[in-house]
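Structure file query-v3.cif; described as mmCIF, C-alpha atoms.
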```cif
data_query
loop_
_atom_site.group_PDB
_atom_site.id
_atom_site.type_symbol
_atom_site.label_atom_id
_atom_site.label_comp_id
_atom_site.auth_asym_id
_atom_site.auth_seq_id
_atom_site.Cartn_x
_atom_site.Cartn_y
_atom_site.Cartn_z
ATOM 1 C CA MET B 1 10.389 26.557 58.122
ATOM 2 C CA PRO B 2 13.823 27.583 56.859
ATOM 3 C CA VAL B 3 14.726 26.553 53.349
ATOM 4 C CA ALA B 4 16.449 23.185 53.596
ATOM 5 C CA LEU B 5 18.974 23.916 50.884
ATOM 6 C CA ALA B 6 19.764 27.066 48.911
ATOM 7 C CA VAL B 7 21.541 26.716 45.563
ATOM 8 C CA VAL B 8 23.142 30.003 44.572
ATOM 9 C CA VAL B 9 22.985 30.683 40.825
ATOM 10 C CA HIS B 10 24.651 33.393 38.757
ATOM 11 C CA PRO B 11 22.069 35.111 36.509
ATOM 12 C CA ALA B 12 24.629 35.685 33.751
ATOM 13 C CA LEU B 13 25.506 31.989 33.513
ATOM 14 C CA GLY B 14 22.105 30.915 32.217
ATOM 15 C CA GLY B 15 21.273 27.318 33.093
ATOM 16 C CA LEU B 16 24.822 26.339 34.039
ATOM 17 C CA LEU B 17 25.270 24.452 37.312
ATOM 18 C CA ASP B 18 28.277 22.570 38.602
ATOM 19 C CA PRO B 19 28.031 18.886 39.720
ATOM 20 C CA ALA B 20 27.367 19.745 43.382
ATOM 21 C CA ALA B 21 24.499 22.044 42.442
ATOM 22 C CA TRP B 22 22.973 19.498 40.047
ATOM 23 C CA GLN B 23 23.137 16.863 42.768
ATOM 24 C CA ALA B 24 21.375 19.244 45.151
ATOM 25 C CA VAL B 25 18.455 19.864 42.791
ATOM 26 C CA SER B 26 18.157 16.203 41.742
ATOM 27 C CA GLY B 27 16.981 14.894 45.112
ATOM 28 C CA ARG B 28 13.463 14.315 46.351
ATOM 29 C CA ARG B 29 12.849 17.764 47.818
ATOM 30 C CA PRO B 30 10.664 20.162 45.802
ATOM 31 C CA VAL B 31 12.571 22.915 44.001
ATOM 32 C CA VAL B 32 11.509 26.561 44.031
ATOM 33 C CA ALA B 33 13.058 29.466 42.144
ATOM 34 C CA LEU B 34 13.412 33.056 43.308
ATOM 35 C CA PRO B 35 13.305 35.925 40.795
ATOM 36 C CA GLY B 36 16.622 36.040 39.009
ATOM 37 C CA ALA B 37 16.984 32.257 38.808
ATOM 38 C CA ALA B 38 14.606 31.793 35.886
ATOM 39 C CA ALA B 39 17.241 30.466 33.467
ATOM 40 C CA VAL B 40 18.197 27.587 35.763
ATOM 41 C CA ALA B 41 14.541 26.912 36.528
ATOM 42 C CA GLU B 42 13.756 26.630 32.806
ATOM 43 C CA ALA B 43 16.738 24.322 32.278
ATOM 44 C CA LEU B 44 15.439 22.016 35.016
ATOM 45 C CA ARG B 45 11.904 22.067 33.662
ATOM 46 C CA ALA B 46 13.283 21.184 30.215
ATOM 47 C CA VAL B 47 14.623 17.895 31.593
ATOM 48 C CA GLY B 48 11.412 17.103 33.476
ATOM 49 C CA ARG B 49 12.249 18.492 36.950
ATOM 50 C CA PRO B 50 9.313 20.526 38.297
ATOM 51 C CA VAL B 51 10.196 23.959 39.664
ATOM 52 C CA ASP B 52 7.788 26.374 41.378
ATOM 53 C CA ASP B 53 8.366 30.110 41.167
ATOM 54 C CA VAL B 54 8.208 32.110 44.410
ATOM 55 C CA PRO B 55 8.296 35.912 44.729
ATOM 56 C CA ASP B 56 11.027 36.131 47.373
ATOM 57 C CA ALA B 57 13.087 34.348 50.044
ATOM 58 C CA ALA B 58 10.341 34.825 52.647
ATOM 59 C CA ALA B 59 7.845 33.005 50.437
ATOM 60 C CA ALA B 60 10.306 30.137 49.999
ATOM 61 C CA ALA B 61 10.806 29.900 53.781
ATOM 62 C CA ALA B 62 7.009 30.036 54.354
ATOM 63 C CA ARG B 63 6.439 26.848 52.381
ATOM 64 C CA PRO B 64 5.137 24.019 54.611
ATOM 65 C CA ASP B 65 7.443 21.494 52.941
ATOM 66 C CA SER B 66 11.232 21.287 52.957
ATOM 67 C CA VAL B 67 12.435 22.802 49.698
ATOM 68 C CA VAL B 68 15.538 23.447 47.658
ATOM 69 C CA ALA B 69 15.600 27.096 46.610
ATOM 70 C CA LEU B 70 17.362 28.471 43.533
ATOM 71 C CA VAL B 71 18.705 31.780 44.783
ATOM 72 C CA PRO B 72 20.408 34.511 42.710
ATOM 73 C CA ALA B 73 23.870 35.482 43.900
ATOM 74 C CA GLY B 74 23.739 38.221 46.526
ATOM 75 C CA THR B 75 20.301 37.252 47.879
ATOM 76 C CA ASP B 76 19.959 36.613 51.621
ATOM 77 C CA VAL B 77 17.948 33.511 52.483
ATOM 78 C CA ASP B 78 17.383 31.576 55.718
ATOM 79 C CA ALA B 79 18.671 28.123 54.742
ATOM 80 C CA GLY B 80 19.954 25.086 56.538
ATOM 81 C CA GLU B 81 22.647 24.581 53.916
ATOM 82 C CA VAL B 82 23.962 26.681 51.050
ATOM 83 C CA VAL B 83 25.587 25.358 47.891
ATOM 84 C CA GLU B 84 27.412 28.137 46.085
ATOM 85 C CA PRO B 85 29.255 26.924 42.981
ATOM 86 C CA ALA B 86 32.385 28.826 42.091
ATOM 87 C CA ALA B 87 31.817 30.908 38.974
ATOM 88 C CA PRO B 88 34.186 29.889 36.164
ATOM 89 C CA PRO B 89 36.913 32.336 35.090
ATOM 90 C CA GLY B 90 35.384 34.886 32.758
ATOM 91 C CA ALA B 91 31.909 34.771 34.287
ATOM 92 C CA ARG B 92 31.937 38.522 34.907
ATOM 93 C CA LEU B 93 32.491 39.078 31.181
ATOM 94 C CA LEU B 94 28.895 37.954 30.754
ATOM 95 C CA ASP B 95 27.872 40.698 33.175
ATOM 96 C CA VAL B 96 29.626 43.248 30.946
ATOM 97 C CA VAL B 97 27.605 42.030 27.961
ATOM 98 C CA ARG B 98 24.403 42.111 30.027
ATOM 99 C CA VAL B 99 25.003 45.671 31.249
ATOM 100 C CA MET B 100 25.742 46.834 27.704
ATOM 101 C CA ASP B 101 22.479 45.249 26.599
ATOM 102 C CA VAL B 102 20.612 47.275 29.226
ATOM 103 C CA LEU B 103 22.371 50.494 28.232
ATOM 104 C CA ARG B 104 21.572 50.074 24.531
ATOM 105 C CA SER B 105 18.001 48.805 24.983
ATOM 106 C CA PRO B 106 14.839 50.954 25.218
ATOM 107 C CA GLY B 107 14.736 52.660 28.598
ATOM 108 C CA GLY B 108 18.535 52.540 28.874
ATOM 109 C CA CYS B 109 21.024 55.363 28.408
ATOM 110 C CA PRO B 110 20.268 57.769 25.524
ATOM 111 C CA TRP B 111 23.964 58.605 25.058
ATOM 112 C CA ASP B 112 25.002 54.943 24.803
ATOM 113 C CA ALA B 113 22.061 54.179 22.535
ATOM 114 C CA GLY B 114 23.106 56.932 20.142
ATOM 115 C CA GLN B 115 26.691 55.823 19.568
ATOM 116 C CA THR B 116 28.029 54.378 16.313
ATOM 117 C CA HIS B 117 31.290 52.772 15.228
ATOM 118 C CA ALA B 118 32.402 56.153 13.883
ATOM 119 C CA SER B 119 31.522 58.095 17.040
ATOM 120 C CA LEU B 120 33.311 55.543 19.238
ATOM 121 C CA ARG B 121 36.518 55.042 17.269
ATOM 122 C CA GLY B 122 38.396 57.866 18.974
ATOM 123 C CA TYR B 123 37.632 56.401 22.397
ATOM 124 C CA LEU B 124 39.168 53.088 21.356
ATOM 125 C CA LEU B 125 42.494 54.760 20.618
ATOM 126 C CA GLU B 126 42.296 56.925 23.736
ATOM 127 C CA GLU B 127 41.616 53.977 26.042
ATOM 128 C CA ALA B 128 44.355 51.896 24.414
ATOM 129 C CA HIS B 129 46.853 54.702 24.971
ATOM 130 C CA GLU B 130 45.806 55.061 28.612
ATOM 131 C CA ALA B 131 46.205 51.309 29.145
ATOM 132 C CA TYR B 132 49.633 51.515 27.519
ATOM 133 C CA ASP B 133 50.616 54.342 29.907
ATOM 134 C CA ALA B 134 49.496 52.266 32.904
ATOM 135 C CA ILE B 135 51.678 49.379 31.719
ATOM 136 C CA VAL B 136 54.668 51.675 31.188
ATOM 137 C CA ASP B 137 54.128 53.101 34.687
ATOM 138 C CA ASP B 138 53.905 49.548 36.064
ATOM 139 C CA ASP B 139 50.739 50.612 37.922
ATOM 140 C CA PRO B 140 48.557 47.507 38.425
ATOM 141 C CA VAL B 141 45.627 49.502 39.833
ATOM 142 C CA ALA B 142 45.522 51.806 36.805
ATOM 143 C CA MET B 143 46.218 48.868 34.496
ATOM 144 C CA ARG B 144 43.178 47.011 35.817
ATOM 145 C CA GLU B 145 40.955 50.047 35.297
ATOM 146 C CA GLU B 146 42.272 50.981 31.863
ATOM 147 C CA LEU B 147 42.095 47.428 30.513
ATOM 148 C CA GLY B 148 38.472 47.455 31.629
ATOM 149 C CA ASP B 149 37.923 50.580 29.542
ATOM 150 C CA VAL B 150 39.493 48.842 26.529
ATOM 151 C CA LEU B 151 37.190 45.866 27.123
ATOM 152 C CA LEU B 152 34.235 48.229 27.218
ATOM 153 C CA GLN B 153 35.106 49.460 23.736
ATOM 154 C CA VAL B 154 35.239 45.899 22.402
ATOM 155 C CA VAL B 155 31.836 45.046 23.894
ATOM 156 C CA PHE B 156 30.394 48.402 22.799
ATOM 157 C CA HIS B 157 31.426 47.971 19.152
ATOM 158 C CA ALA B 158 30.177 44.384 19.136
ATOM 159 C CA ARG B 159 26.793 45.515 20.456
ATOM 160 C CA VAL B 160 26.546 48.261 17.824
ATOM 161 C CA ALA B 161 27.359 45.665 15.151
ATOM 162 C CA ALA B 162 24.710 43.275 16.520
ATOM 163 C CA GLU B 163 22.085 45.935 15.738
ATOM 164 C CA ALA B 164 23.321 46.562 12.181
ATOM 165 C CA GLY B 165 21.841 45.350 8.912
ATOM 166 C CA PRO B 166 22.302 41.743 7.782
ATOM 167 C CA ASP B 167 25.375 42.510 5.643
ATOM 168 C CA ARG B 168 27.175 44.289 8.500
ATOM 169 C CA ARG B 169 25.929 42.367 11.528
ATOM 170 C CA PHE B 170 28.064 40.407 13.979
ATOM 171 C CA THR B 171 27.856 39.741 17.716
ATOM 172 C CA VAL B 172 30.222 39.621 20.659
ATOM 173 C CA ASP B 173 30.094 35.824 20.401
ATOM 174 C CA ASP B 174 31.231 36.075 16.783
ATOM 175 C CA VAL B 175 34.163 38.214 17.908
ATOM 176 C CA ALA B 176 35.086 35.782 20.685
ATOM 177 C CA GLY B 177 34.579 32.743 18.456
ATOM 178 C CA ASP B 178 36.817 34.132 15.712
ATOM 179 C CA LEU B 179 39.485 34.904 18.303
ATOM 180 C CA VAL B 180 39.383 31.389 19.768
ATOM 181 C CA ASP B 181 39.584 29.825 16.306
ATOM 182 C CA LYS B 182 42.521 32.066 15.392
ATOM 183 C CA LEU B 183 44.439 31.303 18.592
ATOM 184 C CA VAL B 184 44.004 27.560 18.132
ATOM 185 C CA ARG B 185 44.871 27.711 14.429
ATOM 186 C CA ARG B 186 48.002 29.785 15.000
ATOM 187 C CA HIS B 187 49.316 27.543 17.774
ATOM 188 C CA PRO B 188 49.611 24.131 16.103
ATOM 189 C CA HIS B 189 52.510 23.348 18.441
ATOM 190 C CA VAL B 190 50.050 23.583 21.353
ATOM 191 C CA PHE B 191 46.690 22.480 19.952
ATOM 192 C CA GLY B 192 47.859 20.407 16.972
ATOM 193 C CA ASP B 193 50.573 17.958 16.033
ATOM 194 C CA ALA B 194 53.280 20.397 14.895
ATOM 195 C CA GLY B 195 55.526 19.364 17.786
ATOM 196 C CA PRO B 196 57.443 21.591 20.184
ATOM 197 C CA ARG B 197 58.904 24.872 18.922
ATOM 198 C CA ASP B 198 61.234 27.506 20.290
ATOM 199 C CA VAL B 199 60.338 31.211 20.202
ATOM 200 C CA ALA B 200 61.935 31.824 16.792
ATOM 201 C CA GLN B 201 60.096 28.870 15.278
ATOM 202 C CA VAL B 202 56.823 30.035 16.823
ATOM 203 C CA GLU B 203 57.248 33.495 15.268
ATOM 204 C CA ALA B 204 58.150 32.043 11.860
ATOM 205 C CA GLY B 205 55.204 29.665 11.958
ATOM 206 C CA TRP B 206 52.891 32.485 13.010
ATOM 207 C CA GLU B 207 53.904 34.492 9.943
ATOM 208 C CA GLN B 208 53.418 31.524 7.618
ATOM 209 C CA ILE B 209 49.954 30.841 9.010
ATOM 210 C CA LYS B 210 48.952 34.507 8.768
ATOM 211 C CA LYS B 211 50.188 34.654 5.179
ATOM 212 C CA ALA B 212 48.094 31.625 4.247
ATOM 213 C CA GLU B 213 45.049 33.023 6.089
ATOM 214 C CA LYS B 214 45.152 36.556 4.753
ATOM 215 C CA GLN B 215 46.316 35.822 1.199
ATOM 216 C CA ARG B 216 47.981 39.220 1.246
ATOM 217 C CA ARG B 217 49.064 40.612 -2.088
ATOM 218 C CA SER B 218 51.378 43.180 -0.530
ATOM 219 C CA PRO B 219 53.908 43.114 2.337
ATOM 220 C CA THR B 220 52.359 46.304 3.688
ATOM 221 C CA GLU B 221 48.817 44.944 3.967
ATOM 222 C CA GLY B 222 47.567 44.566 7.523
ATOM 223 C CA VAL B 223 50.068 47.030 9.021
ATOM 224 C CA SER B 224 48.139 49.883 10.627
ATOM 225 C CA ARG B 225 48.898 53.267 9.065
ATOM 226 C CA SER B 226 47.205 55.141 11.924
ATOM 227 C CA GLN B 227 49.786 54.110 14.530
ATOM 228 C CA PRO B 228 52.678 56.478 15.345
ATOM 229 C CA ALA B 229 55.173 56.757 12.495
ATOM 230 C CA ALA B 230 58.001 55.113 14.459
ATOM 231 C CA SER B 231 55.828 52.084 15.234
ATOM 232 C CA TRP B 232 54.592 51.934 11.642
ATOM 233 C CA GLY B 233 58.128 52.039 10.302
ATOM 234 C CA ALA B 234 59.358 49.399 12.763
ATOM 235 C CA ALA B 235 56.498 47.057 11.808
ATOM 236 C CA LEU B 236 57.338 47.411 8.096
ATOM 237 C CA VAL B 237 61.044 46.826 8.713
ATOM 238 C CA ARG B 238 60.311 43.657 10.698
ATOM 239 C CA ARG B 239 57.976 42.323 8.038
ATOM 240 C CA ALA B 240 60.428 43.156 5.248
ATOM 241 C CA ALA B 241 63.278 41.415 7.056
ATOM 242 C CA ARG B 242 61.191 38.275 7.549
ATOM 243 C CA SER B 243 60.188 38.291 3.887
ATOM 244 C CA GLY B 244 63.691 38.907 2.535
ATOM 245 C CA LEU B 245 62.747 42.325 1.136
ATOM 246 C CA PRO B 246 64.989 45.397 1.342
ATOM 247 C CA THR B 247 65.219 47.304 4.606
ATOM 248 C CA PRO B 248 66.520 50.871 5.061
ATOM 249 C CA GLU B 249 70.233 51.249 5.688
ATOM 250 C CA PRO B 250 70.583 51.418 9.475
ATOM 251 C CA ALA B 251 72.155 54.556 10.895
ATOM 252 C CA GLU B 252 75.179 54.234 13.145
ATOM 253 C CA LEU B 253 73.844 53.809 16.643
ATOM 254 C CA ALA B 254 76.410 55.010 19.143
ATOM 255 C CA SER B 255 73.931 55.014 22.032
ATOM 256 C CA ALA B 256 74.883 52.648 24.831
ATOM 257 C CA ALA B 257 71.328 52.196 26.129
ATOM 258 C CA PRO B 258 67.715 52.805 25.048
ATOM 259 C CA GLU B 259 67.565 55.765 27.449
ATOM 260 C CA GLU B 260 70.452 57.426 25.627
ATOM 261 C CA LEU B 261 68.797 56.753 22.289
ATOM 262 C CA GLY B 262 65.644 58.365 23.598
ATOM 263 C CA GLU B 263 67.579 61.494 24.541
ATOM 264 C CA ARG B 264 69.082 61.681 21.038
ATOM 265 C CA LEU B 265 65.681 61.279 19.416
ATOM 266 C CA LEU B 266 64.240 63.972 21.674
ATOM 267 C CA ALA B 267 67.081 66.261 20.610
ATOM 268 C CA VAL B 268 66.155 65.618 16.960
ATOM 269 C CA VAL B 269 62.544 66.507 17.764
ATOM 270 C CA ALA B 270 63.688 69.728 19.452
ATOM 271 C CA ALA B 271 65.883 70.650 16.473
ATOM 272 C CA ALA B 272 63.020 70.021 14.060
ATOM 273 C CA GLU B 273 60.733 72.170 16.201
ATOM 274 C CA GLN B 274 63.231 75.059 16.031
ATOM 275 C CA ARG B 275 63.038 74.898 12.248
ATOM 276 C CA GLY B 276 59.272 74.734 12.265
ATOM 277 C CA TRP B 277 59.223 71.125 11.111
ATOM 278 C CA ASP B 278 56.984 68.374 12.486
ATOM 279 C CA ALA B 279 59.186 65.373 13.246
ATOM 280 C CA GLU B 280 56.214 63.007 13.274
ATOM 281 C CA ASP B 281 55.033 64.173 9.855
ATOM 282 C CA ALA B 282 58.545 63.980 8.425
ATOM 283 C CA LEU B 283 59.000 60.424 9.636
ATOM 284 C CA ARG B 284 55.516 59.469 8.464
ATOM 285 C CA GLU B 285 56.320 60.677 4.951
ATOM 286 C CA ALA B 286 59.550 58.665 4.967
ATOM 287 C CA VAL B 287 57.707 55.551 6.134
ATOM 288 C CA ARG B 288 55.028 56.092 3.504
ATOM 289 C CA ARG B 289 57.706 56.229 0.790
ATOM 290 C CA TYR B 290 59.309 53.084 2.198
ATOM 291 C CA ALA B 291 55.956 51.315 2.138
ATOM 292 C CA GLY B 292 55.660 52.139 -1.559
ATOM 293 C CA GLU B 293 59.178 50.792 -2.164
ATOM 294 C CA LEU B 294 58.277 47.565 -0.365
ATOM 295 C CA ASP B 295 55.191 47.077 -2.510
ATOM 296 C CA ALA B 296 57.227 47.702 -5.659
ATOM 297 C CA ALA B 297 59.939 45.261 -4.551
ATOM 298 C CA ALA B 298 57.341 42.592 -3.797
ATOM 299 C CA GLU B 299 55.707 43.073 -7.212
ATOM 300 C CA ALA B 300 59.086 42.849 -8.963
ATOM 301 C CA ARG B 301 59.935 39.650 -7.116
ATOM 302 C CA ALA B 302 56.562 38.118 -7.959
ATOM 303 C CA ALA B 303 57.030 39.011 -11.650
ATOM 304 C CA GLY B 304 60.266 37.037 -11.588
#
```
Take the structure I supplied and represent it as structure tokens, if you would.
Amino acid sequence: MPVALAVVVHPALGGLLDPAAWQAVSGRRPVVALPGAAAVAEALRAVGRPVDDVPDAAAAAARPDSVVALVPAGTDVDAGEVVEPAAPPGARLLDVVRVMDVLRSPGGCPWDAGQTHASLRGYLLEEAHEAYDAIVDDDPVAMREELGDVLLQVVFHARVAAEAGPDRRFTVDDVAGDLVDKLVRRHPHVFGDAGPRDVAQVEAGWEQIKKAEKQRRSPTEGVSRSQPAASWGAALVRRAARSGLPTPEPAELASAAPEELGERLLAVVAAAEQRGWDAEDALREAVRRYAGELDAAAEARAAG
């Protein structure tokens, strides 16, 4: 006879079921589990609900009694009623972790299995730049793809770290857990009792919390030196201004719009190229000197 009730389960969600699904498996009908629903079956057995394993949907339908079948998503089954809980937001992230596990495990992909943090680091920058380009181009299709590639790098590095020695080991759950804790900690106006804040107060509070967390000894700590020189310099200027440290004397900016400024900067790049100079290197050296000046100014202030 047809299966009386099919409960669709998502293999990546382990033993999670929503209230409707739990109600369906808590009745008097026997429960059977198809391959791919083992996690839910084990969760039910752990609370005393018997579950029989069956090899496929045909075997479930061939049972002489009226059963509730635990069916993996995407499996066709002849059932009188189907309960298909909506997967919570983020459920497919578990699929990403599962696929990476297959790729890095014995019998998976030899290229993926051979990667290290060092061999992957260039891809992280490359994918971030491609995602940035998609955002600049306002291309949602490309944005969706490129953000997926950035996510892959996060999961990849976390998997490599999970296989490392005890002093270097962490997992994707550690990464996610640290992120959640940081977001909650740095938003006391949302998750705590700090009260409402405007944008300026949020930014000021964010800096205070980061300073307490990091215990930085220098105003330049935590600012990436590998980013483009203009971005590096801008980050240092912002941090210096917030800390009351000296900032470079601004040049006169006659440009009426960012587009005009861009044209002027491009002209500077062209002029430097004519002289055989590298504008990026020149700016990087200037930013590096400024970083040293910031550290010196901070030390002098701390010395009183």
Min atom-atom distance to Thr116 (chain B) from the set B:Ile135, B:Leu183, B:Ala229, B:Val160, counting all atoms listed in the file, belongs to B:Val160
Correct to one decimal, the distance CA of Ala282 (chain B)-CA of Ala257 (chain B) is 24.8 Å
With the file shown as input, list the residues that the PyMOL selection byres ((chain B and resi 185-194) around 12) selects, as a PDB file with C-alpha atoms, in the frame of the given file.
```
ATOM      1  CA  ASP B 178      36.817  34.132  15.712  1.00  0.00           C
ATOM      2  CA  LEU B 179      39.485  34.904  18.303  1.00  0.00           C
ATOM      3  CA  VAL B 180      39.383  31.389  19.768  1.00  0.00           C
ATOM      4  CA  ASP B 181      39.584  29.825  16.306  1.00  0.00           C
ATOM      5  CA  LYS B 182      42.521  32.066  15.392  1.00  0.00           C
ATOM      6  CA  LEU B 183      44.439  31.303  18.592  1.00  0.00           C
ATOM      7  CA  VAL B 184      44.004  27.560  18.132  1.00  0.00           C
ATOM      8  CA  GLY B 195      55.526  19.364  17.786  1.00  0.00           C
ATOM      9  CA  PRO B 196      57.443  21.591  20.184  1.00  0.00           C
ATOM     10  CA  ARG B 197      58.904  24.872  18.922  1.00  0.00           C
ATOM     11  CA  ASP B 198      61.234  27.506  20.290  1.00  0.00           C
ATOM     12  CA  VAL B 199      60.338  31.211  20.202  1.00  0.00           C
ATOM     13  CA  GLN B 201      60.096  28.870  15.278  1.00  0.00           C
ATOM     14  CA  VAL B 202      56.823  30.035  16.823  1.00  0.00           C
ATOM     15  CA  GLU B 203      57.248  33.495  15.268  1.00  0.00           C
ATOM     16  CA  ALA B 204      58.150  32.043  11.860  1.00  0.00           C
ATOM     17  CA  GLY B 205      55.204  29.665  11.958  1.00  0.00           C
ATOM     18  CA  TRP B 206      52.891  32.485  13.010  1.00  0.00           C
ATOM     19  CA  GLU B 207      53.904  34.492   9.943  1.00  0.00           C
ATOM     20  CA  GLN B 208      53.418  31.524   7.618  1.00  0.00           C
ATOM     21  CA  ILE B 209      49.954  30.841   9.010  1.00  0.00           C
ATOM     22  CA  LYS B 210      48.952  34.507   8.768  1.00  0.00           C
ATOM     23  CA  LYS B 211      50.188  34.654   5.179  1.00  0.00           C
ATOM     24  CA  ALA B 212      48.094  31.625   4.247  1.00  0.00           C
ATOM     25  CA  GLU B 213      45.049  33.023   6.089  1.00  0.00           C
TER      26      GLU B 213
END
```
For CA of Ser255 (chain B) and CA of Leu283 (chain B), the interatomic separation in Å (one decimal)
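Computed distance, CA of Ser255 (chain B) to CA of Leu283 (chain B), equals 20.1 Å.
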note - CA of Pro248 (chain B) and CA of Arg275 (chain B) are separated by 25.3 Å
(message) Selection in question (the file shown): the PyMOL selection byres ((chain B and resi 146) around 9). Which residues does it include, as a ChimeraX atom specification?
(response) /B:127-128,130-132,134,141-145,147-151
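Nearest-residue note for Pro85 (chain B): choosing from B:Ala20, B:Ala296, B:Ala69, B:Ala59, the minimum distance belongs to B:Ala20, counting only C-alpha atoms.
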Point to revise | Hits from the PyMOL selection byres ((chain B and resi 64-67) around 9), listed as JSON, numbers by chain | key: {"B": [1, 2, 3, 4, 5, 6, 29, 30, 31, 32, 60, 61, 62, 63, 68, 69]}
Ala113 (chain B) proximity check over B:Ala79, B:Phe156, B:Val237, B:Ala286, using only C-alpha atoms: winner is B:Phe156
Which polymer residues have any atom within 12 Å of an atom of region 262-271 of chain B, counting only C-alpha atoms, with same-chain residues fewer than 5 positions away left out, as a ChimeraX atom specification? /B:230,253-257,276-283
Give the centre and edge lengths of an axis-aligned box, in Å to one decimal, that holds all listed atoms of region 109-113 of chain B with 4 Å on each side, as lines of an AutoDock Vina configuration file.
```
center_x = 22.6
center_y = 56.4
center_z = 25.5
size_x = 12.7
size_y = 12.4
size_z = 13.9
```
With the cut-off set at 12 Å and counting only C-alpha atoms, tabulate each residue of region 125-244 of chain B with an atom at most that distance from an atom of region 297-303 of chain B, showing the nearest atom pair and its distance in Å to one decimal, ordered by chain and increasing number, as a tab-separated table.
```
residue	atom	partner	partner_atom	distance
B:Arg216	CA	B:Ala298	CA	11.2
B:Arg217	CA	B:Ala298	CA	8.7
B:Ser218	CA	B:Ala298	CA	6.8
B:Pro219	CA	B:Ala298	CA	7.0
B:Thr220	CA	B:Ala298	CA	9.7
B:Glu221	CA	B:Ala298	CA	11.8
B:Arg239	CA	B:Ala298	CA	11.9
B:Ala240	CA	B:Ala298	CA	9.6
B:Ser243	CA	B:Ala298	CA	9.3
B:Gly244	CA	B:Ala298	CA	9.7
```
### Query
Near Gln227 (chain B), within 10 Å and counting only C-alpha atoms, which residues show up once chain neighbours fewer than 6 positions away are dropped, as a ChimeraX atom specification?
/B:125,233,284
